[in-house]
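Trainee: Structure incoming, see below.
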Amino acid sequence: MQTPEQPVLRDIVLVGGGHSHVGVLKRFAMNPVPGVRLTLICRDTHTPYSGMLPGYVAGHYSYDDVHIDLSRLAEFAGARFYRTEVIGLDRSAQRVICKGRPKVPYDLLSINIGSSPRVAEVAGAAEFAVPVKPITGFNTRWLALLSRVENHDGPLTIAVVGAGAGGVELTLAMQFRLRNELARRGKDPDQIHFHLFDAASEILPTHNAKVRAVFRDKLVKRGVKLHLGAAVSKVEQGLLTTEGGHTLQTDEVLWVTRAGGPAWLGDTGLALDDGLFIRARDTLQTENDDNIFVAGDIANVVNHPREKAGVFAVRQGPPLAENLRRMALGKPPKAFSPQKSWLALISTGDQFAVASRGNHSFSGAWVWRWKDWIDRRFMQKFSDLPAMEETGRLPDTSAAQNPEEASQAISAVAMRCGGCGAKVGSTVLSRALGELRPIERDDIIIGLHAPDDAAVLRVPPGLAVVHTVDFFRAFIDDPYVFGKVAANHALGDVFAMGAEAQSATAVATVPYGIESKVEDTVFQMMSGAVEVLNEAGCALVGGHTGEGKELALGFAVNGLIDPDKVMSKGGLRAGDVLLLTKPIGTGTLFAAHARLEAKGRWIDSALASMVQSNKPAADCLVRYGARACTDVTGFGLLGHLVEMTRPSGVDAELDLTAIPILPGAEETVAAGILSSLQPANVRLRRGIRNQADWVDHPRYPLIFDPQTAGGLLASVPEAVAEACVRELKSLGYPHTAIIGRVSAQDNGGAIEPITLRD
């Protein structure tokens with residue numbers, strides 16, 4: 001995670017990871033604006049490049065070949081990446097409304113979310129047809145269709161609705177791939193039947209007659225049945241009906257017709273056209289809001305109407321970036337005029353393509369090779385990211401819009417006194433925390449919103465207090481997600497002992513900045529934390545927030561437990577089975593993320609694991625008689641296991657192949673990318689009896705990998721181990737595994753208590 005030296009003065013929020021916005025991110029990365037922070041909000045971590053999608057469907061490209069990794073690109077640009085879906089705007093407060101998280105404030109907003117086919121306009125289409133956009137949803141169904149073909153015997157009928165360039169190109173790509181898949185499995189390729197429907201009387205209506213002739217000939221020769229002038233009026237399970245009353249029994253219906261904007265745009269008050277596309281001026285600003293820009297398919301630039309094509313979104317990237325930069329610096333935006341004609345390169349699935357520009361066209365295998373070269377060169381801009389030099393510039397207040405902001409920015413990075421002088425101002429803090437709603441417990445006498453200096457708790461008779469503390473700096477650029485992980489990590493020690501979480505006190509460090517930015521960071525972070533604490537039944541009762549260079553958060557947590565039912569590290573017994581409830585690998589993955597070497601989907605998987613609570617797992621382990629348990633955190637799997645064997649007076653066997661590993665962790669370790677804590681953990685290798693036999697095993701480094709909000713390592717009696725694993729999986733811990741067993745201590749075994757096996 002990059003930590004800017006400049007105080008944040010302006011927030012530019014990018015909604016959507018379309019072609020224009022990836023260009024904006026790259027340009028701001030290469031030439032950042034001091035004091036301007038970018039935040040990308042996108043539901044999908046990998047955004048597809050539409051120009052290569054047919055080649056991916058046809059089997060010429062891999063998934064990674066045709067997708068831009070937004071997580072990696074945002075990290076490169078120093079932008080925050082919020083993995084969520086936008087569902088509305090609060091323009092009066094300048095907030096983006098997101099699904100399942102707090103609103104995100106903006107100074108400038110840009111929308112590049114593409115469009116989706118209007119399946120709601122045809123009865124049954126929303127339920128029984130597969131829209132090609134958004135492409136992420138289509139990809140899931142496409143992979144399912146591929147799998148279905150692998151196991152299918154007999155005829156299979158696929159209907160594609162929409163005979164524009166997208167529909168024709170997709171039909172030919174799918175037909176090429178599916179026929180090849182059947183032939184490769186020794187099945188009859190002629191079992192696959194394709195039908196292409198359109199209300200228009202011609203295919204590719206926006207292209208010239210020569211282009212249409214080439215594609216009509218291709219479709220006919222490859223056995224695609226054309227249904228032109230045949231508007232689809234109804235889609236049912238396995239049946240498609242046209243307005244003319246004709247029906248077709250189908251196994252799959254794909255929808256590539258006229259698209260529109262999402263319904264939530266209708267509630268924003270932005271100027272829209274009939275298709276819910278946002279009306280824009282030549283500057284790419286929306287017609288009725290100077291602070292909101294729009295680009296790509298979702299934009300209707302009223303003075304320059306153009307076809308919905310990826311080429312326009314790509315070319316809008318540079319002027320969009322320039323105008324966002326100018327507006328952030330208080331300068332007027334410049335008008336942009338797109339080209340009147342453009343070159344379209346349309347493939348036929350079989351490494352043949354047609355070039356279309358105005359009334360001109362040419363085609364051949366060489367055109368496909370040319371298209372392939374253009375597409376790969378474009379993608380290379382977002383995969384080959386140069387190393388950026390660290391610069392320690394003096395405070396730059398050029399993005400300040402008034403003297404008060406400039407003054408706050410200068411003081412934010414000036415030399416500050418320590419102690420109470422480093423605290424966040426009480427007004428800022430009270431506003432940020434005032435909206436939080438921690439749960440109320442009967443045993444909390446004085447809590448968060450009381451004016452007293454400390455919390456007062458009651459300990460019920462017969463129970464003992466469990467107390468623990470954790471604190472670490474942010475490793476991810478989303479304060480809301482970081483707050484959830486930090487709270488989850490802190491609660492882990494309490495749950496691992498079989499205790500109930502009672503209360504938490506927070507200690508946070510927030511980067512210097514102007515008041516509004518500090519306030520939002522505190523609110524976002526603590527909102528995530530309070531969600532996790534509330535779910536665990538743990539009351540936030542107070543805390544301390546100070547300013548510093550980096551975002552950091554920790555909690556002192558109190559828990560309550562029956563002193564006769566503690567799961568301690570010293571509870572291992574010979575004959576027990578060792579269970580691990582979550583995969584490991586967070587240390588190496590986030591070290592790789594910081595070096596731009598981790599795929600975004602790897603980070604997604606790691607975060608999903610880190611925000612998952614250990615409480616249901618701990619409760620399950622108690623039910624199955626677990627006598628020893630710990631959460632796997634900074635010392636790594638081996639370190640925590642050694643911590644358990646020594647007080648228990650036992651040895652343990654660890655099965656390297658059985659240990660669940662997060663996606664990508666083996667790859668990053670193999671590349672030599674390790675956490676900064678790894679060297680300290682590796683010193684514990686002396687606890688491995690046969691370590692010389694395993695140092696070259698690809699998973700060996702991972703047993704030393706430090707974890708954040710890791711899973712539970714526990715022992716249960718062998719007789720109930722399989723049943724316990726089944727229940728843990730049913731509770732939402734799908735990677736739970738038996739990873740070893742506990743054995744009696746050999747003579748001298750306390751020195752080398754761990755034996756590795758495969």
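Each chain of the structure tokens is named A, B, ... in the order shown, its residues numbered from 1; ligands are numbered from 1 in display order.
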Select from region 103-343 of chain A everything DSSP, run on the backbone, classes as alpha helix (DSSP H), then give the selection as a PyMOL selection string.

Mentor: chain A and resi 125-128+135-150+165-184+209-221+310-328

Trainee: Quick one: residues within 7 Å of Val566 (chain A), only C-alpha atoms, excluding same-chain residues fewer than 3 positions away - as a JSON list (two decimals) with N, CA, C and O atoms, in the first residue's frame?

Mentor:
[["chain", "number", "residue", "atom", "x", "y", "z"],
["A", 497, "MET", "N", -9.57, -19.23, 22.62],
["A", 497, "MET", "CA", -9.58, -19.79, 23.98],
["A", 497, "MET", "C", -10.97, -20.28, 24.39],
["A", 497, "MET", "O", -11.16, -20.79, 25.49],
["A", 498, "GLY", "N", -11.93, -20.12, 23.49],
["A", 498, "GLY", "CA", -13.29, -20.55, 23.79],
["A", 498, "GLY", "C", -14.09, -19.53, 24.55],
["A", 498, "GLY", "O", -15.13, -19.87, 25.14],
["A", 562, "ASP", "N", -15.73, -19.38, 31.17],
["A", 562, "ASP", "CA", -15.78, -20.29, 32.30],
["A", 562, "ASP", "C", -14.37, -20.81, 32.52],
["A", 562, "ASP", "O", -13.79, -21.45, 31.63],
["A", 563, "PRO", "N", -13.75, -20.54, 33.65],
["A", 563, "PRO", "CA", -12.35, -20.92, 33.85],
["A", 563, "PRO", "C", -12.10, -22.43, 33.76],
["A", 563, "PRO", "O", -10.96, -22.85, 33.57]]

Trainee: Find the spatial neighbours of Asn300 (chain A), counting only C-alpha atoms, within a cut-off of 9 Å - ignore same-chain residues fewer than 6 positions away - and output them as a list in words.

Mentor: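 Contacts, in chain order: Leu272, Asp273, Phe277, Ile278, Arg279, Ala280, Arg281, Val294 and Arg306 of chain A.
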
Trainee: Create the file for the chosen residues now, containing N, CA and C atoms and written as a short mmCIF file (atom, residue, chain, number, x, y, z; two decimals), in the first residue's frame.

Mentor:
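What ended up in out-v8.cif:
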data_model
loop_
_atom_site.label_atom_id
_atom_site.label_comp_id
_atom_site.auth_asym_id
_atom_site.auth_seq_id
_atom_site.Cartn_x
_atom_site.Cartn_y
_atom_site.Cartn_z
N LEU A 272 -30.47 12.32 -18.22
CA LEU A 272 -30.36 11.03 -18.91
C LEU A 272 -31.16 11.06 -20.20
N ASP A 273 -30.79 10.16 -21.12
CA ASP A 273 -31.63 10.00 -22.32
C ASP A 273 -32.61 8.85 -22.08
N PHE A 277 -28.80 6.40 -20.48
CA PHE A 277 -27.42 6.83 -20.66
C PHE A 277 -27.29 8.27 -20.18
N ILE A 278 -26.13 8.61 -19.62
CA ILE A 278 -25.93 9.93 -19.03
C ILE A 278 -25.54 10.93 -20.11
N ARG A 279 -26.29 12.01 -20.19
CA ARG A 279 -26.03 13.03 -21.20
C ARG A 279 -24.80 13.85 -20.77
N ALA A 280 -23.87 14.02 -21.70
CA ALA A 280 -22.60 14.67 -21.37
C ALA A 280 -22.30 15.79 -22.35
N ARG A 281 -21.55 16.78 -21.84
CA ARG A 281 -21.06 17.87 -22.67
C ARG A 281 -19.74 17.47 -23.34
N VAL A 294 -18.39 11.61 -17.13
CA VAL A 294 -18.89 10.32 -17.60
C VAL A 294 -18.15 9.94 -18.87
N ARG A 306 -22.02 8.71 -30.96
CA ARG A 306 -21.20 7.69 -31.59
C ARG A 306 -21.73 6.31 -31.20
#

Trainee: Expressed in Å to a single decimal, how great is the separation between CA of Tyr624 (chain A) and CA of Asp493 (chain A)?

Mentor: 19.2 Å

Trainee: Provide the CA of Phe472 (chain A) to CA of Lys484 (chain A) distance in Å, to one decimal place.

Mentor: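 CA of Lys484 (chain A) lies at a distance of 12.9 Å from CA of Phe472 (chain A).
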
Trainee: Can you measure CA of Arg43 (chain A) to CA of Gly17 (chain A) for me? One decimal in Å is fine.

Mentor: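 So the answer is 8.7 Å.
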
Trainee: Determine which residues of region 502-663 of chain A DSSP labels as strand (DSSP E or B) from the backbone of this structure, then write them out as a ChimeraX atom specification.

Mentor: /A:502-511,539-548,552-561,577-580,584,628-631,650-655,661

Trainee: Considering only C-alpha atoms, can you say which of A:Val86, A:Ala709, A:Ala271, A:Leu589 comes closest to Ala670 (chain A)?

Mentor: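 For Ala670 (chain A), the nearest of the given residues is A:Leu589.
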
Trainee: Would you mind listing what lies within 10 Å of Asp153 (chain A) as an MDAnalysis selection string, with only C-alpha atoms counted and same-chain residues fewer than 2 positions away left out?

Mentor: chainID A and resid 148:151 155:156 182 187:188 191

Trainee: Applying 12 Å and only C-alpha atoms, which residues near Pro319 (chain A) remain after dropping the ones on its own chain fewer than 5 positions away? List them as a PDB file with N, CA and C atoms, in the first residue's frame.

Mentor:
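Resulting contents of out_4.pdb:
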ATOM      1  N   SER A  20     -11.978   3.678 -20.143  1.00  0.00           N
ATOM      2  CA  SER A  20     -11.557   5.064 -19.899  1.00  0.00           C
ATOM      3  C   SER A  20     -10.848   5.185 -18.553  1.00  0.00           C
ATOM      4  N   HIS A  21     -11.378   4.535 -17.549  1.00  0.00           N
ATOM      5  CA  HIS A  21     -10.823   4.674 -16.208  1.00  0.00           C
ATOM      6  C   HIS A  21      -9.472   3.989 -16.046  1.00  0.00           C
ATOM      7  N   GLY A  23      -7.293   3.981 -18.280  1.00  0.00           N
ATOM      8  CA  GLY A  23      -6.408   4.995 -18.839  1.00  0.00           C
ATOM      9  C   GLY A  23      -6.153   6.138 -17.867  1.00  0.00           C
ATOM     10  N   VAL A  24      -7.189   6.542 -17.133  1.00  0.00           N
ATOM     11  CA  VAL A  24      -7.034   7.598 -16.127  1.00  0.00           C
ATOM     12  C   VAL A  24      -6.054   7.151 -15.043  1.00  0.00           C
ATOM     13  N   ARG A  27      -2.453   7.222 -16.312  1.00  0.00           N
ATOM     14  CA  ARG A  27      -1.934   8.577 -16.493  1.00  0.00           C
ATOM     15  C   ARG A  27      -1.643   9.259 -15.158  1.00  0.00           C
ATOM     16  N   ASP A 282     -19.221  18.350 -24.169  1.00  0.00           N
ATOM     17  CA  ASP A 282     -17.975  18.056 -24.883  1.00  0.00           C
ATOM     18  C   ASP A 282     -16.790  17.882 -23.931  1.00  0.00           C
ATOM     19  N   THR A 283     -16.892  18.403 -22.725  1.00  0.00           N
ATOM     20  CA  THR A 283     -15.829  18.267 -21.724  1.00  0.00           C
ATOM     21  C   THR A 283     -15.898  16.928 -21.000  1.00  0.00           C
ATOM     22  N   LEU A 284     -16.909  16.106 -21.314  1.00  0.00           N
ATOM     23  CA  LEU A 284     -17.222  14.839 -20.648  1.00  0.00           C
ATOM     24  C   LEU A 284     -17.820  15.054 -19.255  1.00  0.00           C
ATOM     25  N   GLN A 285     -18.162  16.308 -18.935  1.00  0.00           N
ATOM     26  CA  GLN A 285     -18.943  16.566 -17.733  1.00  0.00           C
ATOM     27  C   GLN A 285     -20.413  16.281 -18.025  1.00  0.00           C
ATOM     28  N   PHE A 293     -18.217  13.556 -14.087  1.00  0.00           N
ATOM     29  CA  PHE A 293     -17.812  13.251 -15.458  1.00  0.00           C
ATOM     30  C   PHE A 293     -18.339  11.869 -15.835  1.00  0.00           C
ATOM     31  N   VAL A 294     -18.387  11.609 -17.130  1.00  0.00           N
ATOM     32  CA  VAL A 294     -18.887  10.317 -17.598  1.00  0.00           C
ATOM     33  C   VAL A 294     -18.148   9.937 -18.874  1.00  0.00           C
ATOM     34  N   ALA A 295     -17.909   8.623 -19.057  1.00  0.00           N
ATOM     35  CA  ALA A 295     -17.173   8.161 -20.240  1.00  0.00           C
ATOM     36  C   ALA A 295     -17.592   6.735 -20.572  1.00  0.00           C
ATOM     37  N   PHE A 312     -14.009   4.132 -28.524  1.00  0.00           N
ATOM     38  CA  PHE A 312     -14.315   5.484 -28.043  1.00  0.00           C
ATOM     39  C   PHE A 312     -14.008   5.616 -26.552  1.00  0.00           C
ATOM     40  N   ALA A 313     -14.287   4.558 -25.795  1.00  0.00           N
ATOM     41  CA  ALA A 313     -13.961   4.599 -24.367  1.00  0.00           C
ATOM     42  C   ALA A 313     -12.460   4.722 -24.154  1.00  0.00           C
ATOM     43  N   VAL A 314     -11.689   3.986 -24.948  1.00  0.00           N
ATOM     44  CA  VAL A 314     -10.226   4.060 -24.839  1.00  0.00           C
ATOM     45  C   VAL A 314      -9.746   5.468 -25.144  1.00  0.00           C
ATOM     46  N   LEU A 324     -10.046  15.923 -15.398  1.00  0.00           N
ATOM     47  CA  LEU A 324     -10.089  15.671 -13.961  1.00  0.00           C
ATOM     48  C   LEU A 324      -8.919  16.368 -13.269  1.00  0.00           C
ATOM     49  N   ARG A 325      -7.767  16.322 -13.895  1.00  0.00           N
ATOM     50  CA  ARG A 325      -6.584  16.989 -13.351  1.00  0.00           C
ATOM     51  C   ARG A 325      -6.801  18.497 -13.285  1.00  0.00           C
ATOM     52  N   ARG A 326      -7.301  19.060 -14.367  1.00  0.00           N
ATOM     53  CA  ARG A 326      -7.513  20.506 -14.425  1.00  0.00           C
ATOM     54  C   ARG A 326      -8.540  20.947 -13.377  1.00  0.00           C
ATOM     55  N   PRO A 333     -12.132  22.890 -17.542  1.00  0.00           N
ATOM     56  CA  PRO A 333     -11.898  21.734 -18.407  1.00  0.00           C
ATOM     57  C   PRO A 333     -11.895  22.136 -19.878  1.00  0.00           C
ATOM     58  N   LYS A 334     -11.331  21.266 -20.706  1.00  0.00           N
ATOM     59  CA  LYS A 334     -11.266  21.515 -22.146  1.00  0.00           C
ATOM     60  C   LYS A 334     -12.252  20.617 -22.886  1.00  0.00           C
ATOM     61  N   ALA A 335     -12.769  21.122 -23.997  1.00  0.00           N
ATOM     62  CA  ALA A 335     -13.688  20.336 -24.821  1.00  0.00           C
ATOM     63  C   ALA A 335     -12.918  19.255 -25.571  1.00  0.00           C
ATOM     64  N   PHE A 336     -13.597  18.153 -25.828  1.00  0.00           N
ATOM     65  CA  PHE A 336     -13.008  17.027 -26.552  1.00  0.00           C
ATOM     66  C   PHE A 336     -13.927  16.655 -27.701  1.00  0.00           C
ATOM     67  N   SER A 337     -13.352  16.491 -28.890  1.00  0.00           N
ATOM     68  CA  SER A 337     -14.134  16.116 -30.069  1.00  0.00           C
ATOM     69  C   SER A 337     -13.623  14.777 -30.593  1.00  0.00           C
ATOM     70  N   PRO A 338     -14.433  13.710 -30.520  1.00  0.00           N
ATOM     71  CA  PRO A 338     -13.974  12.398 -30.986  1.00  0.00           C
ATOM     72  C   PRO A 338     -13.902  12.335 -32.504  1.00  0.00           C
TER      73      PRO A 338
END

Trainee: I'd like to know which of A:Thr645, A:Thr545, A:Gln678, A:Gln691 is closest to Arg757 (chain A), using only C-alpha atoms.

Mentor: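 Among the listed residues, the smallest separation from Arg757 (chain A) belongs to A:Gln691.
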
Trainee: A:Pro717, A:Gly358, A:Gly167, A:Gly349: which is nearest Leu578 (chain A), counting only C-alpha atoms?

Mentor: A:Pro717
